[in-house]
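Engineer: Below you'll find work31.cif; it's mmCIF, C-alpha atoms.
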data_query
loop_
_atom_site.group_PDB
_atom_site.id
_atom_site.type_symbol
_atom_site.label_atom_id
_atom_site.label_comp_id
_atom_site.auth_asym_id
_atom_site.auth_seq_id
_atom_site.Cartn_x
_atom_site.Cartn_y
_atom_site.Cartn_z
ATOM 1 C CA MET E 136 -18.783 60.309 -28.149
ATOM 2 C CA SER E 137 -20.264 63.517 -29.508
ATOM 3 C CA SER E 138 -18.088 66.439 -30.599
ATOM 4 C CA ALA E 139 -20.892 69.022 -30.364
ATOM 5 C CA ALA E 140 -20.116 72.228 -28.498
ATOM 6 C CA PRO E 141 -21.710 72.694 -25.066
ATOM 7 C CA SER E 142 -24.823 74.823 -24.765
ATOM 8 C CA PRO E 143 -24.669 78.120 -22.836
ATOM 9 C CA ARG E 144 -26.141 76.429 -19.742
ATOM 10 C CA GLN E 145 -23.647 73.577 -20.028
ATOM 11 C CA GLN E 146 -20.830 76.110 -20.292
ATOM 12 C CA GLN E 147 -22.108 77.680 -17.052
ATOM 13 C CA ILE E 148 -22.059 74.284 -15.350
ATOM 14 C CA LEU E 149 -18.504 73.579 -16.499
ATOM 15 C CA ALA E 150 -17.426 76.991 -15.219
ATOM 16 C CA GLN E 151 -19.061 76.347 -11.841
ATOM 17 C CA ILE E 152 -17.350 72.953 -11.537
ATOM 18 C CA GLU E 153 -13.974 74.496 -12.341
ATOM 19 C CA GLN E 154 -14.523 77.371 -9.879
ATOM 20 C CA PHE E 155 -15.586 74.982 -7.116
ATOM 21 C CA LEU E 156 -12.503 72.842 -7.718
ATOM 22 C CA ARG E 157 -10.238 75.865 -7.463
ATOM 23 C CA LEU E 158 -11.847 77.018 -4.213
ATOM 24 C CA HIS E 159 -12.350 73.693 -2.431
ATOM 25 C CA GLY E 160 -9.968 71.214 -4.043
ATOM 26 C CA ARG E 161 -12.824 68.756 -4.707
ATOM 27 C CA PRO E 162 -15.786 68.549 -7.110
ATOM 28 C CA PRO E 163 -19.214 69.977 -6.224
ATOM 29 C CA THR E 164 -22.315 67.893 -5.566
ATOM 30 C CA ARG E 165 -25.435 68.267 -7.720
ATOM 31 C CA ALA E 166 -26.953 70.301 -4.881
ATOM 32 C CA ASP E 167 -23.953 72.652 -4.936
ATOM 33 C CA LEU E 168 -24.409 73.210 -8.672
ATOM 34 C CA ALA E 169 -28.168 73.716 -8.396
ATOM 35 C CA ALA E 170 -27.672 76.306 -5.623
ATOM 36 C CA ALA E 171 -24.959 78.148 -7.574
ATOM 37 C CA LEU E 172 -27.163 78.348 -10.667
ATOM 38 C CA GLY E 173 -30.339 79.206 -8.762
ATOM 39 C CA LEU E 174 -32.153 75.989 -9.731
ATOM 40 C CA ARG E 175 -34.683 74.260 -7.469
ATOM 41 C CA ASN E 176 -34.747 70.953 -9.337
ATOM 42 C CA ARG E 177 -31.559 68.895 -9.600
ATOM 43 C CA GLN E 178 -33.032 66.742 -12.384
ATOM 44 C CA GLY E 179 -32.089 69.353 -14.971
ATOM 45 C CA ILE E 180 -28.519 69.368 -13.607
ATOM 46 C CA ASP E 181 -28.296 65.598 -14.115
ATOM 47 C CA GLN E 182 -29.454 65.928 -17.739
ATOM 48 C CA HIS E 183 -26.788 68.535 -18.474
ATOM 49 C CA LEU E 184 -24.094 66.479 -16.747
ATOM 50 C CA ARG E 185 -24.933 63.422 -18.837
ATOM 51 C CA ALA E 186 -24.868 65.550 -21.972
ATOM 52 C CA LEU E 187 -21.458 66.943 -21.040
ATOM 53 C CA ALA E 188 -20.177 63.424 -20.409
ATOM 54 C CA ALA E 189 -21.463 62.313 -23.820
ATOM 55 C CA LYS E 190 -19.530 65.200 -25.387
ATOM 56 C CA GLY E 191 -16.335 64.145 -23.627
ATOM 57 C CA LEU E 192 -16.205 67.324 -21.549
ATOM 58 C CA LEU E 193 -16.894 65.674 -18.184
ATOM 59 C CA LEU E 194 -16.254 62.319 -16.499
ATOM 60 C CA LEU E 195 -19.005 60.882 -14.276
ATOM 61 C CA GLU E 196 -18.488 58.318 -11.511
ATOM 62 C CA PRO E 197 -21.813 56.528 -10.848
ATOM 63 C CA GLY E 198 -22.950 56.258 -7.234
ATOM 64 C CA VAL E 199 -20.503 58.881 -5.910
ATOM 65 C CA ALA E 200 -21.864 62.134 -4.466
ATOM 66 C CA ARG E 201 -18.960 64.157 -5.856
ATOM 67 C CA GLY E 202 -18.297 61.915 -8.839
ATOM 68 C CA LEU E 203 -17.589 64.739 -11.314
ATOM 69 C CA ARG E 204 -14.183 64.931 -12.977
ATOM 70 C CA LEU E 205 -12.884 67.343 -15.573
ATOM 71 C CA PRO E 206 -10.618 65.766 -18.193
ATOM 72 C CA GLY E 207 -7.097 67.160 -18.217
ATOM 73 C CA PRO E 208 -4.795 68.234 -15.366
ATOM 74 C CA VAL E 209 -6.105 68.445 -11.829
ATOM 75 C CA LEU E 210 -6.728 71.988 -10.652
ATOM 76 C CA ALA E 211 -4.886 73.201 -7.574
ATOM 77 C CA PRO E 212 -7.097 74.281 -4.651
ATOM 78 C CA ALA E 213 -6.902 77.718 -3.142
ATOM 79 C CA ALA E 214 -4.231 78.268 -0.485
ATOM 80 C CA ASN E 215 -6.867 78.576 2.270
ATOM 81 C CA PRO E 216 -10.035 76.852 1.002
ATOM 82 C CA PRO E 217 -13.199 77.377 3.052
ATOM 83 C CA HIS E 218 -14.291 74.296 4.991
ATOM 84 C CA PRO E 219 -17.754 73.053 3.915
ATOM 85 C CA ASP E 220 -19.122 71.652 7.193
ATOM 86 C CA PRO E 221 -18.374 73.012 10.697
ATOM 87 C CA ALA E 222 -19.022 69.521 12.079
ATOM 88 C CA LEU E 223 -15.734 68.379 10.593
ATOM 89 C CA PRO E 224 -12.296 69.646 11.620
ATOM 90 C CA PRO E 225 -10.096 71.339 9.023
ATOM 91 C CA ALA E 226 -7.539 69.115 7.389
ATOM 92 C CA VAL E 227 -4.106 69.392 8.993
ATOM 93 C CA THR E 228 -2.429 66.400 7.357
ATOM 94 C CA PRO E 229 -1.264 65.813 3.779
ATOM 95 C CA LEU E 230 -3.877 64.428 1.381
ATOM 96 C CA THR E 231 -1.860 61.197 1.178
ATOM 97 C CA ALA E 232 -2.623 60.649 4.891
ATOM 98 C CA GLN E 233 -6.358 61.226 4.470
ATOM 99 C CA ARG E 234 -9.267 59.050 3.366
ATOM 100 C CA LEU E 235 -12.322 60.191 1.435
ATOM 101 C CA LEU E 236 -15.302 58.895 3.421
ATOM 102 C CA PRO E 237 -18.989 58.944 2.425
ATOM 103 C CA LEU E 238 -21.443 60.484 4.882
ATOM 104 C CA TYR E 239 -24.775 58.646 5.036
ATOM 105 C CA GLY E 240 -27.660 60.756 6.270
ATOM 106 C CA ARG E 241 -31.448 60.744 6.507
ATOM 107 C CA VAL E 242 -32.892 57.665 4.829
ATOM 108 C CA ALA E 243 -35.862 57.907 2.473
ATOM 109 C CA ALA E 244 -38.707 55.448 3.033
ATOM 110 C CA GLY E 245 -38.145 52.165 1.226
ATOM 111 C CA VAL E 246 -34.535 52.986 0.331
ATOM 112 C CA PRO E 247 -31.725 50.926 1.947
ATOM 113 C CA THR E 248 -29.683 52.980 4.415
ATOM 114 C CA PHE E 249 -26.414 52.409 2.620
ATOM 115 C CA ALA E 250 -27.654 52.993 -0.913
ATOM 116 C CA SER E 251 -25.494 55.447 -2.858
ATOM 117 C CA SER E 252 -28.489 57.814 -3.104
ATOM 118 C CA ASN E 253 -28.304 58.305 0.679
ATOM 119 C CA VAL E 254 -24.763 59.687 0.571
ATOM 120 C CA GLU E 255 -25.105 63.314 1.760
ATOM 121 C CA ASP E 256 -21.528 64.227 1.036
ATOM 122 C CA GLU E 257 -17.941 63.005 1.140
ATOM 123 C CA TYR E 258 -15.219 64.253 3.472
ATOM 124 C CA ARG E 259 -11.485 63.831 3.731
ATOM 125 C CA VAL E 260 -10.636 62.533 7.200
ATOM 126 C CA ASP E 261 -7.210 61.978 8.722
ATOM 127 C CA ALA E 262 -6.574 58.238 8.307
ATOM 128 C CA THR E 263 -4.722 58.115 11.652
ATOM 129 C CA LEU E 264 -7.522 59.727 13.654
ATOM 130 C CA PHE E 265 -9.445 56.519 14.460
ATOM 131 C CA ARG E 266 -8.332 52.991 15.393
ATOM 132 C CA PRO E 267 -9.333 50.825 13.677
ATOM 133 C CA GLN E 268 -9.670 53.123 10.688
ATOM 134 C CA ALA E 269 -13.015 54.610 9.743
ATOM 135 C CA ASP E 270 -14.561 53.471 6.454
ATOM 136 C CA PHE E 271 -17.704 55.636 6.391
ATOM 137 C CA LEU E 272 -19.569 58.306 8.344
ATOM 138 C CA LEU E 273 -23.157 58.114 9.591
ATOM 139 C CA ARG E 274 -25.316 60.999 10.807
ATOM 140 C CA VAL E 275 -27.307 60.130 13.939
ATOM 141 C CA HIS E 276 -31.051 60.738 14.090
ATOM 142 C CA GLY E 277 -32.783 60.368 17.433
ATOM 143 C CA GLU E 278 -31.891 60.112 21.121
ATOM 144 C CA SER E 279 -31.661 56.336 21.698
ATOM 145 C CA MET E 280 -27.906 56.491 22.478
ATOM 146 C CA ARG E 281 -28.038 59.733 24.503
ATOM 147 C CA ASP E 282 -26.476 58.258 27.651
ATOM 148 C CA ALA E 283 -23.495 57.021 25.620
ATOM 149 C CA ASP E 284 -22.921 60.707 24.730
ATOM 150 C CA ILE E 285 -24.160 60.164 21.179
ATOM 151 C CA GLN E 286 -26.537 62.993 20.376
ATOM 152 C CA HIS E 287 -28.997 63.774 17.624
ATOM 153 C CA ARG E 288 -27.156 65.043 14.493
ATOM 154 C CA ASP E 289 -23.746 63.768 15.651
ATOM 155 C CA ILE E 290 -21.602 62.234 12.928
ATOM 156 C CA LEU E 291 -20.282 58.771 13.761
ATOM 157 C CA ALA E 292 -17.080 57.352 12.315
ATOM 158 C CA VAL E 293 -17.625 53.667 11.542
ATOM 159 C CA HIS E 294 -15.176 50.853 10.836
ATOM 160 C CA ARG E 295 -16.797 48.467 8.368
ATOM 161 C CA THR E 296 -16.843 44.903 9.727
ATOM 162 C CA PRO E 297 -19.464 42.107 9.803
ATOM 163 C CA VAL E 298 -18.516 40.978 13.321
ATOM 164 C CA ALA E 299 -18.519 42.644 16.729
ATOM 165 C CA ARG E 300 -17.739 41.925 20.382
ATOM 166 C CA ASN E 301 -20.214 42.184 23.228
ATOM 167 C CA GLY E 302 -20.323 45.711 24.604
ATOM 168 C CA GLN E 303 -19.264 47.450 21.383
ATOM 169 C CA ILE E 304 -21.457 50.111 19.782
ATOM 170 C CA VAL E 305 -22.422 48.864 16.336
ATOM 171 C CA VAL E 306 -24.293 49.965 13.255
ATOM 172 C CA ALA E 307 -26.731 47.114 12.619
ATOM 173 C CA ARG E 308 -29.047 46.782 9.645
ATOM 174 C CA LEU E 309 -32.510 45.269 9.997
ATOM 175 C CA GLY E 310 -34.032 45.078 6.530
ATOM 176 C CA ASP E 311 -33.505 48.464 4.890
ATOM 177 C CA GLU E 312 -33.073 50.370 8.164
ATOM 178 C CA ALA E 313 -29.923 50.910 10.209
ATOM 179 C CA THR E 314 -29.753 51.367 13.962
ATOM 180 C CA VAL E 315 -26.936 52.301 16.346
ATOM 181 C CA LYS E 316 -26.927 50.254 19.554
ATOM 182 C CA TYR E 317 -24.791 48.318 22.025
ATOM 183 C CA TYR E 318 -24.111 44.766 20.804
ATOM 184 C CA GLN E 319 -24.883 41.813 23.093
ATOM 185 C CA ARG E 320 -25.039 38.265 21.740
ATOM 186 C CA ARG E 321 -25.462 34.863 23.348
ATOM 187 C CA GLY E 322 -25.552 32.028 20.865
ATOM 188 C CA ASP E 323 -28.307 32.725 18.350
ATOM 189 C CA LEU E 324 -29.931 35.410 20.495
ATOM 190 C CA LEU E 325 -28.874 38.976 19.759
ATOM 191 C CA ARG E 326 -29.855 41.982 21.843
ATOM 192 C CA LEU E 327 -29.288 45.501 20.530
ATOM 193 C CA GLU E 328 -29.402 47.769 23.563
ATOM 194 C CA PRO E 329 -30.076 51.529 23.578
ATOM 195 C CA ALA E 330 -28.344 53.927 25.958
ATOM 196 C CA ASN E 331 -31.559 55.667 26.971
ATOM 197 C CA ALA E 332 -34.112 54.226 29.404
ATOM 198 C CA ALA E 333 -36.947 55.638 27.283
ATOM 199 C CA PHE E 334 -36.160 53.095 24.538
ATOM 200 C CA GLN E 335 -36.562 49.321 24.568
ATOM 201 C CA PRO E 336 -33.807 46.928 23.439
ATOM 202 C CA LEU E 337 -34.230 45.064 20.159
ATOM 203 C CA ARG E 338 -34.260 41.285 20.629
ATOM 204 C CA ILE E 339 -33.421 39.202 17.578
ATOM 205 C CA ASP E 340 -33.417 35.428 17.154
ATOM 206 C CA LEU E 341 -30.835 34.906 14.431
ATOM 207 C CA ARG E 342 -32.305 31.493 13.590
ATOM 208 C CA THR E 343 -35.413 33.157 12.181
ATOM 209 C CA GLN E 344 -34.487 36.841 11.768
ATOM 210 C CA GLU E 345 -31.751 38.527 9.803
ATOM 211 C CA CYS E 346 -29.530 41.216 11.238
ATOM 212 C CA VAL E 347 -26.449 42.472 9.410
ATOM 213 C CA ILE E 348 -23.643 44.195 11.294
ATOM 214 C CA GLU E 349 -22.429 46.982 9.011
ATOM 215 C CA GLY E 350 -19.653 48.170 11.296
ATOM 216 C CA VAL E 351 -18.358 49.189 14.696
ATOM 217 C CA VAL E 352 -18.442 52.814 15.861
ATOM 218 C CA VAL E 353 -14.864 54.050 16.387
ATOM 219 C CA GLY E 354 -15.511 57.731 17.120
ATOM 220 C CA LEU E 355 -17.773 60.714 16.604
ATOM 221 C CA ILE E 356 -17.548 64.231 15.227
ATOM 222 C CA ARG E 357 -19.655 66.966 16.774
ATOM 223 C CA SER E 358 -20.183 70.541 15.633
ATOM 224 C CA GLY E 359 -21.024 72.062 19.029
ATOM 225 C CA LEU E 360 -20.082 71.925 22.702
ATOM 226 C CA PRO E 361 -22.389 71.399 25.702
ATOM 227 C CA HIS E 362 -23.536 74.502 27.531
ATOM 228 C CA GLY E 363 -21.582 75.463 30.620
ATOM 229 C CA ARG E 364 -23.030 75.615 34.110
ATOM 230 C CA ARG E 365 -25.274 78.501 34.985
#
What's the structure tokens form of this structure?
Structural biologist:
Amino acid sequence: MSSAAPSPRQQQILAQIEQFLRLHGRPPTRADLAAALGLRNRQGIDQHLRALAAKGLLLLEPGVARGLRLPGPVLAPAANPPHPDPALPPAVTPLTAQRLLPLYGRVAAGVPTFASSNVEDEYRVDATLFRPQADFLLRVHGESMRDADIQHRDILAVHRTPVARNGQIVVARLGDEATVKYYQRRGDLLRLEPANAAFQPLRIDLRTQECVIEGVVVGLIRSGLPHGRR
């Protein structure tokens, strides 16, 4: 571990991390830091973070979107911290009753859906809000489940499980891509059904094709309300 003093830029980054912790009660993402410092490229942020970790001034948690920790006592958040995403309700329960859940978002081509690089953010969610409990969040893209009242950009709460019952809405993984559909299985034949007549069901013969059930949808979080009648 190096004992060298941080550079001026590294001092700025440490100050931003500390300020963010005081305001929000959680560490910033790399994108938060880049925006605060007026940087377009997050690669430079990563280099400084690794340098700070080598100097013992920062702790890094690999594969975690907000995996930045300052050594020493934990900073207290502000009395009324601003909430980062209007799609999520403000916390009303003690932190001990909440879970920190990753939010998986838009998937890059060739990258598995549930790779750590696809974690958009992490949110504290009331552990009693969903039954069974939610283990991760997934942002919906597309209209294939429209008639099940699952809309584009909704955030789904998902209970991680490799098994499902017929009629449940599941998150299924085919290769590197995930899809949200109704689950219907008879023997080795699996049908993943959309809730939109414009889309065709996916038919899978499990004797020759692989399909992994990542979890069962237990709820959704939406940032807006439908328009009233005119």
Engineer: I'd like the interatomic distance between atom CA of E:Thr248 and atom CA of E:Ser279, to a tenth of an Å.
Structural biologist: 17.7 Å
Engineer: Which residues are close to E:Phe265, i.e. within 12 Å by all atoms listed in the file, leaving aside same-chain residues fewer than 5 positions away? Reply as JSON, numbers by chain.
Structural biologist: {"E": [233, 234, 260, 270, 271, 272, 291, 292, 293, 294, 351, 352, 353, 354, 355, 356]}
Engineer: When you count all atoms listed in the file, which of these residues is closest to E:Glu153: E:Leu174, E:Val305, E:Val275, E:Leu203?
Structural biologist: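 Among the listed residues, the smallest separation from E:Glu153 belongs to E:Leu203.
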Engineer: Could you check the closest approach to E:Val315 for each of E:Leu264, E:Leu337, E:Leu205, E:Leu238 and tell me which residue wins, using all atoms listed in the file?
Structural biologist: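 Checking each of E:Leu264, E:Leu337, E:Leu205, E:Leu238 against E:Val315, counting all atoms listed in the file, the winner is E:Leu337.
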Engineer: Starting from the PyMOL selection byres ((chain E and resi 323-327) around 6), expand the selection into actual residues of this file and give them as a list in words.
Structural biologist: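 On this input, the PyMOL selection byres ((chain E and resi 323-327) around 6) captures Lys316, Tyr317, Tyr318, Gln319, Arg320, Arg321, Gly322, Glu328, Pro336, Leu337, Arg338, Ile339, Asp340 and Leu341 of chain E.
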Engineer: What does the distance between atom CA of E:Leu236 and atom CA of E:Ala170 come to in Å, to one decimal place?
Structural biologist: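 The value is 23.2 Å.
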Engineer: Go through E:His183, E:Ala171, E:Val347, E:His276 one by one, measure the shortest atom-to-atom distance of each to E:Ile290 using all atoms listed in the file, and give the residue with the smallest value.
Structural biologist: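 Smallest distance to E:Ile290 is found for E:His276.
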Engineer: Convert the output of the PyMOL selection byres ((chain E and resi 284) around 12) on the shown file into explicit residues, formatted as a compact mmCIF listing (two decimals) with C-alpha atoms, keeping the file's coordinate frame.
Structural biologist:
# COMPACT_ATOMS: atom_id res chain seq x y z
CA VAL E 275 -27.31 60.13 13.94
CA GLU E 278 -31.89 60.11 21.12
CA SER E 279 -31.66 56.34 21.70
CA MET E 280 -27.91 56.49 22.48
CA ARG E 281 -28.04 59.73 24.50
CA ASP E 282 -26.48 58.26 27.65
CA ALA E 283 -23.50 57.02 25.62
CA ILE E 285 -24.16 60.16 21.18
CA GLN E 286 -26.54 62.99 20.38
CA HIS E 287 -29.00 63.77 17.62
CA ARG E 288 -27.16 65.04 14.49
CA ASP E 289 -23.75 63.77 15.65
CA ILE E 290 -21.60 62.23 12.93
CA LEU E 291 -20.28 58.77 13.76
CA ILE E 304 -21.46 50.11 19.78
CA PRO E 329 -30.08 51.53 23.58
CA ALA E 330 -28.34 53.93 25.96
CA ASN E 331 -31.56 55.67 26.97
CA GLY E 354 -15.51 57.73 17.12
CA LEU E 355 -17.77 60.71 16.60
CA ILE E 356 -17.55 64.23 15.23
CA ARG E 357 -19.66 66.97 16.77
CA LEU E 360 -20.08 71.92 22.70
CA PRO E 361 -22.39 71.40 25.70
Engineer: Please measure the separation of atom CA of E:Pro163 and atom CA of E:Asp311, giving the value in Å to one decimal.
Structural biologist: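 For atom CA of E:Pro163 relative to atom CA of E:Asp311, the distance reads 28.1 Å.
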Engineer: Output the residue selection produced by the PyMOL selection byres ((chain E and resi 143-150) around 8) on the file above, formatted as a PDB file with C-alpha atoms, in the frame of the given file.
Structural biologist:
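File produced: result32.pdb:
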ATOM      1  CA  PRO E 141     -21.710  72.694 -25.066  1.00  0.00           C
ATOM      2  CA  SER E 142     -24.823  74.823 -24.765  1.00  0.00           C
ATOM      3  CA  GLN E 151     -19.061  76.347 -11.841  1.00  0.00           C
ATOM      4  CA  ILE E 152     -17.350  72.953 -11.537  1.00  0.00           C
ATOM      5  CA  GLU E 153     -13.974  74.496 -12.341  1.00  0.00           C
ATOM      6  CA  GLN E 154     -14.523  77.371  -9.879  1.00  0.00           C
ATOM      7  CA  LEU E 168     -24.409  73.210  -8.672  1.00  0.00           C
ATOM      8  CA  HIS E 183     -26.788  68.535 -18.474  1.00  0.00           C
ATOM      9  CA  LEU E 184     -24.094  66.479 -16.747  1.00  0.00           C
ATOM     10  CA  LEU E 187     -21.458  66.943 -21.040  1.00  0.00           C
TER      11      LEU E 187
END
Engineer: Which residue is closest to E:Gly191? Choose from E:Pro297, E:Glu349, E:Pro206, E:Arg165 and count all atoms listed in the file.
Structural biologist: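 Among the listed residues, the smallest separation from E:Gly191 belongs to E:Pro206.
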Engineer: So, with only C-alpha atoms as the atoms that count, which of E:Gly179, E:Gly350, E:Pro162, E:Pro267 lies closest to E:Glu196?
Structural biologist: E:Pro162
